[in-house]
Every structure is written in C-alpha cells, then in structure tokens.
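Have a look at the structure below, then the notes.
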Amino acid sequence: MRVLITGSGGQVGLELISFLLGRDHDVIASDVAPKPDACTHDVAWEHLDVTQPDEIREVIERVRPGAIYHLAAILSARGEQIPHVTYEINQTGTRNMLEACRELDVQKFIFTSTIAAFGPGLPDPVPNEVSMRPTTMYGITKVAGELLGEYYRQKWGLDFRGVRFPGLINAGVPGGGTSDYALHMYTSGMKDGRYESFCHADTRIPLMYMPDAIRALVEVAEAPREKLRRSIYNIAAFSPTAGQIAESVAQAIPGVDLTFKSDPLRQAILDSWPRALDDSAAREEWGWRPQYDLDGMTADMVLQVRQMIADGRL
Ligand SMILES: NC(=O)c1ccc[n+]([C@@H]2O[C@H](COP(=O)([O-])OP(=O)(O)OC[C@H]3O[C@@H](n4cnc5c(N)ncnc54)[C@H](O)[C@@H]3O)[C@@H](O)[C@H]2O)c1
C-alpha cells in the first residue's frame, strides 16, 4: 500500500520511513521542511504544510495514498512558547488532513497522540478511557485530534486509529521535548562526561525506546479492523524515575556525573503527565508487547551514541 507521512523530517518520521521502506512499503515522505541530511534513503519527499488545505489536496490528489501517517506537530515544551502556532499546526492542521481524507476518499488515517493529552490528577496507571483535561496547548490539541478523528470515523467511515506515545528516546540530537532530560543523560553523559537534568530525581513518566514505538505505530496501523474496539490506544514500556535512568546510565558508563536541578516550567509540564499507563487494551486487541526495558534500552543506546560521537554526528 502507498503511504503518505506528514512531519516526516522529525524524530519519529525519519525512523518510520526507514522501518516502512525496510518492509517494502511504497512511502511518500512530506514535511514543511526540506529533506534533512539525516534522511539517507532514496524516498520521494513532498513539500506539505498541514495548515494549507489547497496544498494538502494537491499532494493527496497527485500521490493517491491508501493510508496517511499524520505526524506533523509542535511538541510540548515548544508548544508553550508559541501556543497560537501550535493550535494552527496541531489542531487546524489535523482537521485539514482529516477533511482532505474525507473529500478525496483516503481510507486510513494513523494518528500519533501522547501522554500529554491526559492532564493531572488521574489514577496510576492511567487507563485507556478516562476524563482528559490537559493543561498544555500541545495536550489540548492532541485530545481534540483524537476526538475529531473518532468523529470522522463514526460519521464518514474513515478508518482512524493510533497510539498515545510515552516520551520517546532514540539516539539522536535532542529536539526540545520535555522528556529530553532522559536522552541528554546518554548523549551529554557520554560526550561531556556529565549532565544536569532539568527535573527532580524522583520525576517519573512513561518512556519507550524508539524501535518499540515505531513497531507499535505500524502494528496498530496494520491490525485487522475487526480486532479493534476503539480508535486510540495507550502503549507502555517502562516508567523509571529520572534517578533510575541515571543509575542505569552510570552502570553502563562508569564515572559519568549525572545531577538534577529542576526547571519550574518543564517540571510543571512533567508533573502534569501520567506516571504510568495501563496498556491492557492494546495488549488484548492487537497483541502489543514492548521489547525493550530500561537496561535493554541503555545497552543499545550506549552503542548507538558511541557510534554517533565517532562519526561526528553528536
Ligand atoms: N517524540 C516524542 O517523544 C513524542 C511523544 C508523544 C507523541 N509524539 C507525537 O509523534 C509525532 C511526531 O513527533 P516527533 O518527535 O517526530 O516530532 P518532531 O518535532 O521531531 O517532528 C515534527 C515534524 O513536523 C514538521 N512540521 C512542523 N510544522 C509543520 C507543518 N505546518 N506542516 C507539516 N509539517 C510540519 C516539522 O518540520 C518536523 O519535521 C507528533 O505528532 C508528536 O506529537 C512524539
């Protein structure tokens, strides 16, 4: 099947392109930004700004995708700096994409939601279905995206589905997300020998290693519809405290100096997120299982980050 990816140049998009090409999918990448040097694949790359309905229609009419992976978004920390732009890209942009799918008869729409969609004060672990009252513009637009997609599914039969990602970790340059403290412990820890996290050591949020996240997204996209009883699924892997991540990193990199100094803005965002997720619906309905725990991720990250430093990519 031919798939179109929005926001392809980001942390998730680049990994998704590799994964889908590796499975012989017909992939059309798109982004408002040009193809980055980090994308070494020979893949078609369209300019597509999700805030521009005419451009979306033109690309979809020409490319005729069977499914769209909609990744384009402004993430949590940056979203608080530019809330109006975040609303336009995340909320109006998602509506524009859904509407183009309806008009042009695209069958399937895969959405990337987030733990930031929940808001504070929920049970631990947070169930799949719960009252969602996020306090960031990012979270608000993601809840709206989930609800809009469900509306298009019920009213017009669009096959809308997706996952709520935990904070994602991969060997790359940190992109400004609020869960980046975990990634910095590996990258700065290995490059500079030290890192001061911008949160308390006892901060705990759900995290996932990128290979598991990409596999989950493609598994939910390809699951038989009759197995799915809902549109959006919690997925979980592990929920360490920041201190536990530091311990795992220190075991792999002896002598590394990892300390903690909370930044009020980012700490407030982290404290508004769930500490752990109940992913039993994903496990039961489409067989979701993570492959990496914290120490498994650390072992692989150390190899990857060492290679990045050796290649001059970090
Ligand atoms: N990375 C995480 O930890 C995480 C966690 C939960 C959910 N998600 C979700 O996964 C998706 C991908 O996240 P990511 O980490 O790759 O983000 P990212 O910030 O790395 O990439 C986002 C991409 O969207 C593009 N973009 C921005 N504005 C656009 C526009 N108007 N039109 C088209 N493209 C535009 C950017 O150029 C960028 O390439 C997002 O929807 C995000 O909400 C990510």
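Residue numbering restarts at 1 in every chain; chains get A, B, ... in the order shown in the structure tokens, and ligands count up from 1 in that same order.
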
- Got a sec to check which residues lie within 6 Å of ligand 1, using only C-alpha atoms and all ligand atoms, and send them as a PyMOL selection string? chain A and resi 6-13+31-33+48-51+71-75+89+112-114+165-168

Go ahead and dump the residues you just picked, N, CA and C atoms, as a PDB file, in the first residue's frame.
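Result written to result-v7.pdb:
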```pdb
ATOM      1  N   THR A   6       3.115  12.718   7.091  1.00  0.00           N
ATOM      2  CA  THR A   6       3.303  14.161   7.324  1.00  0.00           C
ATOM      3  C   THR A   6       4.341  14.328   8.438  1.00  0.00           C
ATOM      4  N   GLY A   7       5.022  15.460   8.461  1.00  0.00           N
ATOM      5  CA  GLY A   7       6.035  15.697   9.500  1.00  0.00           C
ATOM      6  C   GLY A   7       7.147  14.671   9.448  1.00  0.00           C
ATOM      7  N   SER A   8       7.526  14.274   8.228  1.00  0.00           N
ATOM      8  CA  SER A   8       8.467  13.152   8.041  1.00  0.00           C
ATOM      9  C   SER A   8       9.879  13.446   8.518  1.00  0.00           C
ATOM     10  N   GLY A   9      10.240  14.729   8.612  1.00  0.00           N
ATOM     11  CA  GLY A   9      11.624  15.064   8.935  1.00  0.00           C
ATOM     12  C   GLY A   9      11.927  15.049  10.418  1.00  0.00           C
ATOM     13  N   GLY A  10      10.965  14.701  11.260  1.00  0.00           N
ATOM     14  CA  GLY A  10      11.163  14.738  12.709  1.00  0.00           C
ATOM     15  C   GLY A  10      11.737  13.441  13.248  1.00  0.00           C
ATOM     16  N   GLN A  11      11.805  13.405  14.579  1.00  0.00           N
ATOM     17  CA  GLN A  11      12.407  12.265  15.286  1.00  0.00           C
ATOM     18  C   GLN A  11      11.705  10.954  14.933  1.00  0.00           C
ATOM     19  N   VAL A  12      10.377  10.970  14.938  1.00  0.00           N
ATOM     20  CA  VAL A  12       9.606   9.756  14.635  1.00  0.00           C
ATOM     21  C   VAL A  12       9.609   9.490  13.132  1.00  0.00           C
ATOM     22  N   GLY A  13       9.407  10.544  12.333  1.00  0.00           N
ATOM     23  CA  GLY A  13       9.258  10.376  10.887  1.00  0.00           C
ATOM     24  C   GLY A  13      10.441   9.682  10.248  1.00  0.00           C
ATOM     25  N   ASP A  31       6.909  17.075   4.423  1.00  0.00           N
ATOM     26  CA  ASP A  31       7.166  17.949   5.573  1.00  0.00           C
ATOM     27  C   ASP A  31       7.118  19.386   5.063  1.00  0.00           C
ATOM     28  N   VAL A  32       6.949  20.315   5.997  1.00  0.00           N
ATOM     29  CA  VAL A  32       7.050  21.728   5.636  1.00  0.00           C
ATOM     30  C   VAL A  32       8.517  22.086   5.397  1.00  0.00           C
ATOM     31  N   ALA A  33       9.416  21.271   5.951  1.00  0.00           N
ATOM     32  CA  ALA A  33      10.862  21.496   5.810  1.00  0.00           C
ATOM     33  C   ALA A  33      11.429  20.593   4.716  1.00  0.00           C
ATOM     34  N   LEU A  48       4.766  19.673   2.100  1.00  0.00           N
ATOM     35  CA  LEU A  48       3.359  19.676   2.519  1.00  0.00           C
ATOM     36  C   LEU A  48       3.242  20.368   3.878  1.00  0.00           C
ATOM     37  N   ASP A  49       2.577  21.520   3.859  1.00  0.00           N
ATOM     38  CA  ASP A  49       2.311  22.277   5.087  1.00  0.00           C
ATOM     39  C   ASP A  49       0.871  21.957   5.508  1.00  0.00           C
ATOM     40  N   VAL A  50       0.705  21.346   6.678  1.00  0.00           N
ATOM     41  CA  VAL A  50      -0.635  20.882   7.067  1.00  0.00           C
ATOM     42  C   VAL A  50      -1.600  22.021   7.383  1.00  0.00           C
ATOM     43  N   THR A  51      -1.098  23.250   7.452  1.00  0.00           N
ATOM     44  CA  THR A  51      -2.012  24.387   7.659  1.00  0.00           C
ATOM     45  C   THR A  51      -2.582  24.893   6.336  1.00  0.00           C
ATOM     46  N   LEU A  71       2.026  12.809  11.406  1.00  0.00           N
ATOM     47  CA  LEU A  71       2.973  13.077  12.495  1.00  0.00           C
ATOM     48  C   LEU A  71       3.195  14.566  12.737  1.00  0.00           C
ATOM     49  N   ALA A  72       2.909  15.407  11.738  1.00  0.00           N
ATOM     50  CA  ALA A  72       3.259  16.827  11.834  1.00  0.00           C
ATOM     51  C   ALA A  72       2.658  17.442  13.091  1.00  0.00           C
ATOM     52  N   ALA A  73       3.487  18.093  13.893  1.00  0.00           N
ATOM     53  CA  ALA A  73       3.014  18.713  15.135  1.00  0.00           C
ATOM     54  C   ALA A  73       4.121  19.574  15.722  1.00  0.00           C
ATOM     55  N   ILE A  74       3.717  20.484  16.600  1.00  0.00           N
ATOM     56  CA  ILE A  74       4.645  21.160  17.510  1.00  0.00           C
ATOM     57  C   ILE A  74       4.507  20.454  18.852  1.00  0.00           C
ATOM     58  N   LEU A  75       5.637  20.091  19.475  1.00  0.00           N
ATOM     59  CA  LEU A  75       5.590  19.294  20.692  1.00  0.00           C
ATOM     60  C   LEU A  75       5.470  20.166  21.961  1.00  0.00           C
ATOM     61  N   ILE A  89      -1.112  24.444  13.790  1.00  0.00           N
ATOM     62  CA  ILE A  89      -0.476  23.259  13.178  1.00  0.00           C
ATOM     63  C   ILE A  89      -1.112  21.974  13.712  1.00  0.00           C
ATOM     64  N   THR A 112      -0.830  10.132  15.861  1.00  0.00           N
ATOM     65  CA  THR A 112       0.139   9.972  16.947  1.00  0.00           C
ATOM     66  C   THR A 112      -0.258  10.893  18.095  1.00  0.00           C
ATOM     67  N   SER A 113      -0.934  10.319  19.087  1.00  0.00           N
ATOM     68  CA  SER A 113      -1.271  11.092  20.281  1.00  0.00           C
ATOM     69  C   SER A 113      -0.182  10.890  21.328  1.00  0.00           C
ATOM     70  N   THR A 114      -0.447  11.268  22.537  1.00  0.00           N
ATOM     71  CA  THR A 114       0.635  11.420  23.520  1.00  0.00           C
ATOM     72  C   THR A 114       0.117  11.316  24.952  1.00  0.00           C
ATOM     73  N   PHE A 165       1.727   7.865  22.431  1.00  0.00           N
ATOM     74  CA  PHE A 165       3.128   7.568  22.722  1.00  0.00           C
ATOM     75  C   PHE A 165       3.499   8.071  24.108  1.00  0.00           C
ATOM     76  N   PRO A 166       4.313   7.274  24.849  1.00  0.00           N
ATOM     77  CA  PRO A 166       5.022   7.827  26.009  1.00  0.00           C
ATOM     78  C   PRO A 166       6.123   8.762  25.512  1.00  0.00           C
ATOM     79  N   GLY A 167       6.959   9.303  26.407  1.00  0.00           N
ATOM     80  CA  GLY A 167       8.149  10.029  25.976  1.00  0.00           C
ATOM     81  C   GLY A 167       9.047   9.062  25.219  1.00  0.00           C
ATOM     82  N   LEU A 168       9.514   9.482  24.042  1.00  0.00           N
ATOM     83  CA  LEU A 168      10.285   8.559  23.190  1.00  0.00           C
ATOM     84  C   LEU A 168      11.772   8.889  23.254  1.00  0.00           C
TER      85      LEU A 168
END
```

- Task: Name all residues at most 8 Å from segment 124-128 of chain A (count only C-alpha atoms; drop same-chain ones fewer than 2 positions away) and give them as a PyMOL selection string.
- Result: chain A and resi 122+130+233-234+274-279+281

- Message: I need the residues of segment 113-235 of chain A that end up classed as helix (DSSP H, G or I) by DSSP on the backbone, written out as an MDAnalysis selection string.
- Response: chainID A and resid 115:117 137:156 180:192 210:222 225:227

Selected residues written out with C-alpha atoms, as a CSV table (one decimal), in the first residue's frame:
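out_27.csv, freshly written:
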```
chain,number,residue,atom,x,y,z
A,115,ILE,CA,0.7,11.0,27.3
A,116,ALA,CA,0.5,14.8,27.4
A,117,ALA,CA,-3.2,14.5,26.3
A,137,MET,CA,-1.7,23.7,24.4
A,138,TYR,CA,0.0,20.6,23.0
A,139,GLY,CA,-2.1,18.3,25.1
A,140,ILE,CA,-5.3,20.2,24.3
A,141,THR,CA,-4.7,19.9,20.6
A,142,LYS,CA,-4.0,16.2,20.8
A,143,VAL,CA,-7.2,15.4,22.7
A,144,ALA,CA,-9.1,17.4,20.1
A,145,GLY,CA,-7.3,15.4,17.4
A,146,GLU,CA,-8.3,12.1,19.0
A,147,LEU,CA,-12.0,13.3,19.2
A,148,LEU,CA,-12.1,14.7,15.7
A,149,GLY,CA,-10.7,11.5,14.2
A,150,GLU,CA,-13.2,9.5,16.1
A,151,TYR,CA,-15.9,11.8,14.7
A,152,TYR,CA,-14.7,11.3,11.1
A,153,ARG,CA,-14.7,7.5,11.8
A,154,GLN,CA,-18.2,7.4,13.0
A,155,LYS,CA,-19.7,10.0,10.7
A,156,TRP,CA,-17.9,9.2,7.4
A,180,ASP,CA,14.7,15.2,26.6
A,181,TYR,CA,16.4,15.0,30.0
A,182,ALA,CA,16.5,11.2,29.6
A,183,LEU,CA,18.1,11.4,26.2
A,184,HIS,CA,20.7,14.0,27.4
A,185,MET,CA,21.8,11.6,30.2
A,186,TYR,CA,23.1,9.4,27.4
A,187,THR,CA,24.3,12.0,24.8
A,188,SER,CA,25.8,14.6,27.1
A,189,GLY,CA,26.8,12.0,29.6
A,190,MET,CA,28.9,10.2,27.0
A,191,LYS,CA,30.2,13.2,25.1
A,192,ASP,CA,30.9,15.6,28.0
A,210,MET,CA,12.1,4.3,19.6
A,211,PRO,CA,12.2,0.9,17.9
A,212,ASP,CA,9.3,-0.2,20.1
A,213,ALA,CA,7.3,3.0,19.3
A,214,ILE,CA,7.7,2.6,15.5
A,215,ARG,CA,6.8,-1.0,15.7
A,216,ALA,CA,3.7,-0.2,17.7
A,217,LEU,CA,2.6,2.5,15.3
A,218,VAL,CA,2.9,0.2,12.3
A,219,GLU,CA,1.3,-2.7,14.2
A,220,VAL,CA,-1.8,-0.7,15.1
A,221,ALA,CA,-1.9,0.7,11.5
A,222,GLU,CA,-1.9,-2.8,10.1
A,225,ARG,CA,-10.1,-3.5,11.9
A,226,GLU,CA,-12.4,-6.2,13.3
A,227,LYS,CA,-10.0,-6.7,16.2
```

- Message: So that I can check the surroundings of segment 34-44 of chain A, please list as a ChimeraX atom specification every protein, DNA and RNA residue that reaches within 12 Å of it, counting only C-alpha atoms and ignoring chain neighbours fewer than 3 positions away.
- Response: /A:2-5,7-22,24-31,47-49,59,63,172-173,308,313

- Message: Run DSSP on the backbone and tell me which residues of segment 21-219 of chain A come out as strand (DSSP E); list them as JSON, numbers by chain.
- Response: {"A": [26, 27, 28, 29, 30, 31, 44, 45, 46, 47, 67, 68, 69, 70, 108, 109, 110, 111, 112, 113, 114, 159, 160, 161, 162, 163, 164, 165, 167, 168, 169, 194, 195, 196, 197, 207, 208, 209]}

- Minimum-distance residue to Thr178 of chain A, chosen among A:Ser76, A:Gln244, A:Thr86, A:Gln107 (using only C-alpha atoms): A:Ser76

- Find the distance between atom CA of Met208 of chain A and atom CA of Ala237 of chain A and write it in Å to one decimal.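 Atom-to-atom, atom CA of Met208 of chain A to atom CA of Ala237 of chain A, that is 5.4 Å.
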
Give me the residues near Asp105 of chain A as an mmCIF file with C-alpha atoms, in the first residue's frame, where near means some atom within 10 Å (using only C-alpha atoms) and where sequence neighbours in that chain fewer than 2 positions away do not count.
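Result file follows (result_9.cif):
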```cif
data_model
loop_
_atom_site.group_PDB
_atom_site.id
_atom_site.type_symbol
_atom_site.label_atom_id
_atom_site.label_comp_id
_atom_site.auth_asym_id
_atom_site.auth_seq_id
_atom_site.Cartn_x
_atom_site.Cartn_y
_atom_site.Cartn_z
ATOM 1 C CA ILE A 60 -3.089 13.797 -1.982
ATOM 2 C CA GLU A 61 -4.725 14.012 -5.424
ATOM 3 C CA ARG A 64 -3.190 8.917 -4.031
ATOM 4 C CA PRO A 65 -2.132 7.310 -0.716
ATOM 5 C CA GLY A 66 -4.080 4.401 0.754
ATOM 6 C CA GLU A 99 -11.099 16.764 5.830
ATOM 7 C CA ALA A 100 -8.859 16.109 2.809
ATOM 8 C CA CYS A 101 -9.108 12.364 3.527
ATOM 9 C CA ARG A 102 -12.907 12.612 3.547
ATOM 10 C CA GLU A 103 -13.078 14.662 0.338
ATOM 11 C CA GLN A 107 -9.201 5.052 3.543
ATOM 12 C CA LYS A 108 -6.947 5.068 6.599
ATOM 13 C CA TRP A 156 -17.881 9.217 7.429
ATOM 14 C CA LEU A 158 -12.659 6.965 7.828
#
```

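Taking only C-alpha atoms into account, Glu80 of chain A lies nearest to A:Gly177 out of the set A:Gly177, A:Cys199, A:Asp257, A:Glu247.
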
- Measure the distance from atom CA of Glu285 of chain A to atom CA of Leu98 of chain A in Å and round it to one decimal. 24.6 Å

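For the atom pair formed by atom CA of Arg266 of chain A and atom CA of Ile82 of chain A, the distance is 14.9 Å, given to one decimal.
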
- Which of these residues is nearest to Ala246 of chain A, using only C-alpha atoms: A:Gln52, A:Gln291, A:Thr298, A:Thr92?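 The shortest atom-to-atom distance to Ala246 of chain A comes from A:Thr298.
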
- Residue contacts of Met97 of chain A (9 Å, only C-alpha atoms) excluding same-chain residues fewer than 6 positions away, as a PyMOL selection string: chain A and resi 50-51+53+56-57+68+70+109

- Between A:Asp295, A:Ser131, A:Arg164, A:Glu46, which one has atoms that come closest to Glu58 of chain A, using only C-alpha atoms?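 Nearest candidate to Glu58 of chain A out of A:Asp295, A:Ser131, A:Arg164, A:Glu46: A:Glu46.
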
- Query: Looking at only C-alpha atoms, which of A:Leu314, A:Ala201, A:Val305, A:Ala299 is the one that sits closest to Pro240 of chain A?
  - Reply: A:Ala201

- Which one is closest to Arg133 of chain A: A:Pro120, A:Gly243, A:Gly157, A:Gly296? Count only C-alpha atoms.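 Closest to Arg133 of chain A, using only C-alpha atoms: A:Pro120.
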